[in-house]
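**Student:** Below: one structure in structure tokens.
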Amino acid sequence: MNEQEFSAYIDDICNYYERKRPKDVTCDLWYKRLKGIPAEPLEWMLAKMFENAELPKNLPGRTWELYKEWLISHTEKALFPTTFDCPDCRDDPGILHVYAISVKTGARYFYAFNCAKCRQSPNKGWPYSLKKDLEEAGYIEVNLKQSNRVAPEQKDIKALIDNVVKLFP
Ligand SMILES: [Zn+2]
């Protein structure tokens with residue numbers, strides 16, 4: 001942050017807590033400690049600071065703490081985007097595509113469940129299940145990348161997904 005941004009930051013804090021602005025010499029010393037912090041998170045940091053009723057005793061120290069909190073919260077956002085790579089539902093994030101074969105007729109019946117491991121499916125009304133539970137119940141995973149191997153009668157993946165039945169039989 002530049003001196004002007006630093007000055008505005010100190011003014012906001014002093015006004016909020018109804019305190020006198022520190023002496024110039026104090027502000028200069030604080031600025032030396034804080035100028036490495038960019039201006040971008042300052043608004044966020046002020047909002048966090050004001051959650052506390054008391055003016056922090058060590059304002060430069062608290063400012064660095066808040067900056068570290070901001071860095072952590074923003075790194076997490078970058079690391080966990082809205083869809084992420086779940087080992088169970090990699091080909092269609094959040095959804096498990098399975099089928100069962102009718103003992104009587106040999107026909108394949110397709111189903112889709114929300115993946116209960118990552119719970120990132122946008123279809124909130126669908127039933128949730130774990131891939132391992134479906135496998136234990138006898139369902140077979142649809143290989144969406146090689147659908148011709150598992151469903152020769154439906155080579156078109158789009159058609160296959162459209163035909164999916166959404167509930168347990
Ligand atoms: Zn998943």
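Letters for chains follow the order of the structure tokens (A, B, ...), residue numbers begin at 1 for each chain, and ligand numbers begin at 1 in the order shown.
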Determine which residues of chain A DSSP labels as strand (DSSP E) from the backbone of this structure, then write them out as a list in words.

**Tutor:**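 Written out, the strand (DSSP E) residues of chain A are Ile95, Leu96, His97, Val98, Tyr99, Ala100, Ile101, Arg108, Tyr109, Phe110, Tyr111, Ala112, Phe113, Asn114, Cys115, Tyr128, Ser129, Ile140 and Glu141 of chain A.
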
**Student:** Within 12 Å of ligand 1, counting only C-alpha atoms and all ligand atoms: which residues, as a ChimeraX atom specification?

**Tutor:** /A:83-97,113-122,128-132

**Student:** Please report the interatomic distance between CA of Trp64 (chain A) and CA of Cys14 (chain A) in Å with one decimal.

**Tutor:** 17.6 Å

**Student:** For Leu66 (chain A), please output as a ChimeraX atom specification all residues within 12 Å (counting only C-alpha atoms; exclusion window: fewer than 6 positions along the same chain).

**Tutor:** /A:34,37,41-51,56,59-60,72-73

**Student:** Could you state the separation of CA of Pro38 (chain A) and CA of Tyr9 (chain A) in Å, given to one decimal place?

**Tutor:** 11.9 Å

**Student:** Given the choices A:Tyr139, A:Phe6, A:Tyr31, A:Tyr16, which gets closest to Ser102 (chain A) if the distance is worked out from only C-alpha atoms?

**Tutor:**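 Ranked by minimum distance to Ser102 (chain A), first place goes to A:Tyr139.
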
**Student:** For CA of Val142 (chain A) and CA of Val103 (chain A), quote the distance in Å rounded to one decimal.

**Tutor:**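 CA of Val142 (chain A) sits 18.2 Å away from CA of Val103 (chain A).
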
**Student:** Just the alpha helix (DSSP H) stuff from chain A, please, per backbone DSSP, written as a ChimeraX atom specification.

**Tutor:** /A:3-16,24-34,42-49,59-79,131-136,147-150,157-162

**Student:** Quick one: write out the picked residues with C-alpha atoms as a PDB file, in the first residue's frame?

**Tutor:**
ATOM      1  CA  GLU A   3       1.280   6.251   2.038  1.00  0.00           C
ATOM      2  CA  GLN A   4      -2.078   7.641   1.031  1.00  0.00           C
ATOM      3  CA  GLU A   5      -3.758   4.240   1.341  1.00  0.00           C
ATOM      4  CA  PHE A   6      -2.037   3.675   4.664  1.00  0.00           C
ATOM      5  CA  SER A   7      -3.198   7.068   5.895  1.00  0.00           C
ATOM      6  CA  ALA A   8      -6.804   6.344   4.895  1.00  0.00           C
ATOM      7  CA  TYR A   9      -6.571   2.957   6.662  1.00  0.00           C
ATOM      8  CA  ILE A  10      -5.399   4.604   9.918  1.00  0.00           C
ATOM      9  CA  ASP A  11      -8.070   7.314   9.643  1.00  0.00           C
ATOM     10  CA  ASP A  12     -10.815   4.707   9.218  1.00  0.00           C
ATOM     11  CA  ILE A  13      -9.642   2.849  12.315  1.00  0.00           C
ATOM     12  CA  CYS A  14      -9.295   6.005  14.450  1.00  0.00           C
ATOM     13  CA  ASN A  15     -12.702   7.266  13.390  1.00  0.00           C
ATOM     14  CA  TYR A  16     -14.375   3.929  13.987  1.00  0.00           C
ATOM     15  CA  ASP A  24       3.222  11.489  12.690  1.00  0.00           C
ATOM     16  CA  VAL A  25       6.351   9.842  14.027  1.00  0.00           C
ATOM     17  CA  THR A  26       4.291   6.862  15.218  1.00  0.00           C
ATOM     18  CA  CYS A  27       2.489   6.661  11.880  1.00  0.00           C
ATOM     19  CA  ASP A  28       5.819   6.699  10.056  1.00  0.00           C
ATOM     20  CA  LEU A  29       7.063   3.780  12.134  1.00  0.00           C
ATOM     21  CA  TRP A  30       3.853   1.843  11.544  1.00  0.00           C
ATOM     22  CA  TYR A  31       3.971   2.544   7.826  1.00  0.00           C
ATOM     23  CA  LYS A  32       7.489   1.103   7.681  1.00  0.00           C
ATOM     24  CA  ARG A  33       6.148  -2.127   9.164  1.00  0.00           C
ATOM     25  CA  LEU A  34       3.008  -2.290   7.051  1.00  0.00           C
ATOM     26  CA  LEU A  42      -7.574  -3.477   3.321  1.00  0.00           C
ATOM     27  CA  GLU A  43     -11.375  -3.194   3.123  1.00  0.00           C
ATOM     28  CA  TRP A  44     -11.763  -6.870   4.040  1.00  0.00           C
ATOM     29  CA  MET A  45      -9.299  -6.444   6.924  1.00  0.00           C
ATOM     30  CA  LEU A  46     -11.104  -3.389   8.281  1.00  0.00           C
ATOM     31  CA  ALA A  47     -14.424  -5.248   8.259  1.00  0.00           C
ATOM     32  CA  LYS A  48     -12.782  -8.108  10.188  1.00  0.00           C
ATOM     33  CA  MET A  49     -11.117  -5.760  12.645  1.00  0.00           C
ATOM     34  CA  LEU A  59      -2.379  -2.270  15.634  1.00  0.00           C
ATOM     35  CA  PRO A  60       0.506  -3.131  13.275  1.00  0.00           C
ATOM     36  CA  GLY A  61       0.649  -6.679  14.681  1.00  0.00           C
ATOM     37  CA  ARG A  62      -3.110  -7.123  14.287  1.00  0.00           C
ATOM     38  CA  THR A  63      -2.884  -5.752  10.752  1.00  0.00           C
ATOM     39  CA  TRP A  64      -0.355  -8.432   9.804  1.00  0.00           C
ATOM     40  CA  GLU A  65      -2.517 -11.139  11.402  1.00  0.00           C
ATOM     41  CA  LEU A  66      -5.519 -10.001   9.393  1.00  0.00           C
ATOM     42  CA  TYR A  67      -3.488  -9.958   6.216  1.00  0.00           C
ATOM     43  CA  LYS A  68      -2.428 -13.564   6.875  1.00  0.00           C
ATOM     44  CA  GLU A  69      -6.086 -14.517   7.438  1.00  0.00           C
ATOM     45  CA  TRP A  70      -7.003 -12.883   4.139  1.00  0.00           C
ATOM     46  CA  LEU A  71      -4.244 -14.769   2.327  1.00  0.00           C
ATOM     47  CA  ILE A  72      -5.393 -18.098   3.758  1.00  0.00           C
ATOM     48  CA  SER A  73      -9.065 -17.545   2.936  1.00  0.00           C
ATOM     49  CA  HIS A  74      -8.229 -16.478  -0.607  1.00  0.00           C
ATOM     50  CA  THR A  75      -5.831 -19.363  -1.200  1.00  0.00           C
ATOM     51  CA  GLU A  76      -8.534 -21.805  -0.128  1.00  0.00           C
ATOM     52  CA  LYS A  77     -10.908 -20.310  -2.664  1.00  0.00           C
ATOM     53  CA  ALA A  78      -8.327 -20.825  -5.379  1.00  0.00           C
ATOM     54  CA  LEU A  79      -7.665 -24.412  -4.267  1.00  0.00           C
ATOM     55  CA  LYS A 131     -19.789 -45.478  -5.275  1.00  0.00           C
ATOM     56  CA  LYS A 132     -18.727 -48.413  -3.097  1.00  0.00           C
ATOM     57  CA  ASP A 133     -22.306 -48.904  -1.797  1.00  0.00           C
ATOM     58  CA  LEU A 134     -23.640 -49.010  -5.354  1.00  0.00           C
ATOM     59  CA  GLU A 135     -20.992 -51.540  -6.319  1.00  0.00           C
ATOM     60  CA  GLU A 136     -21.863 -53.671  -3.290  1.00  0.00           C
ATOM     61  CA  SER A 147     -19.596 -46.084 -23.378  1.00  0.00           C
ATOM     62  CA  ASN A 148     -19.568 -48.371 -26.445  1.00  0.00           C
ATOM     63  CA  ARG A 149     -17.998 -51.085 -24.289  1.00  0.00           C
ATOM     64  CA  VAL A 150     -20.692 -51.105 -21.664  1.00  0.00           C
ATOM     65  CA  ILE A 157     -23.141 -40.552 -24.445  1.00  0.00           C
ATOM     66  CA  LYS A 158     -25.670 -37.730 -24.568  1.00  0.00           C
ATOM     67  CA  ALA A 159     -28.473 -40.164 -25.361  1.00  0.00           C
ATOM     68  CA  LEU A 160     -27.232 -42.461 -22.636  1.00  0.00           C
ATOM     69  CA  ILE A 161     -27.290 -39.709 -20.037  1.00  0.00           C
ATOM     70  CA  ASP A 162     -30.724 -38.538 -21.214  1.00  0.00           C
TER      71      ASP A 162
END
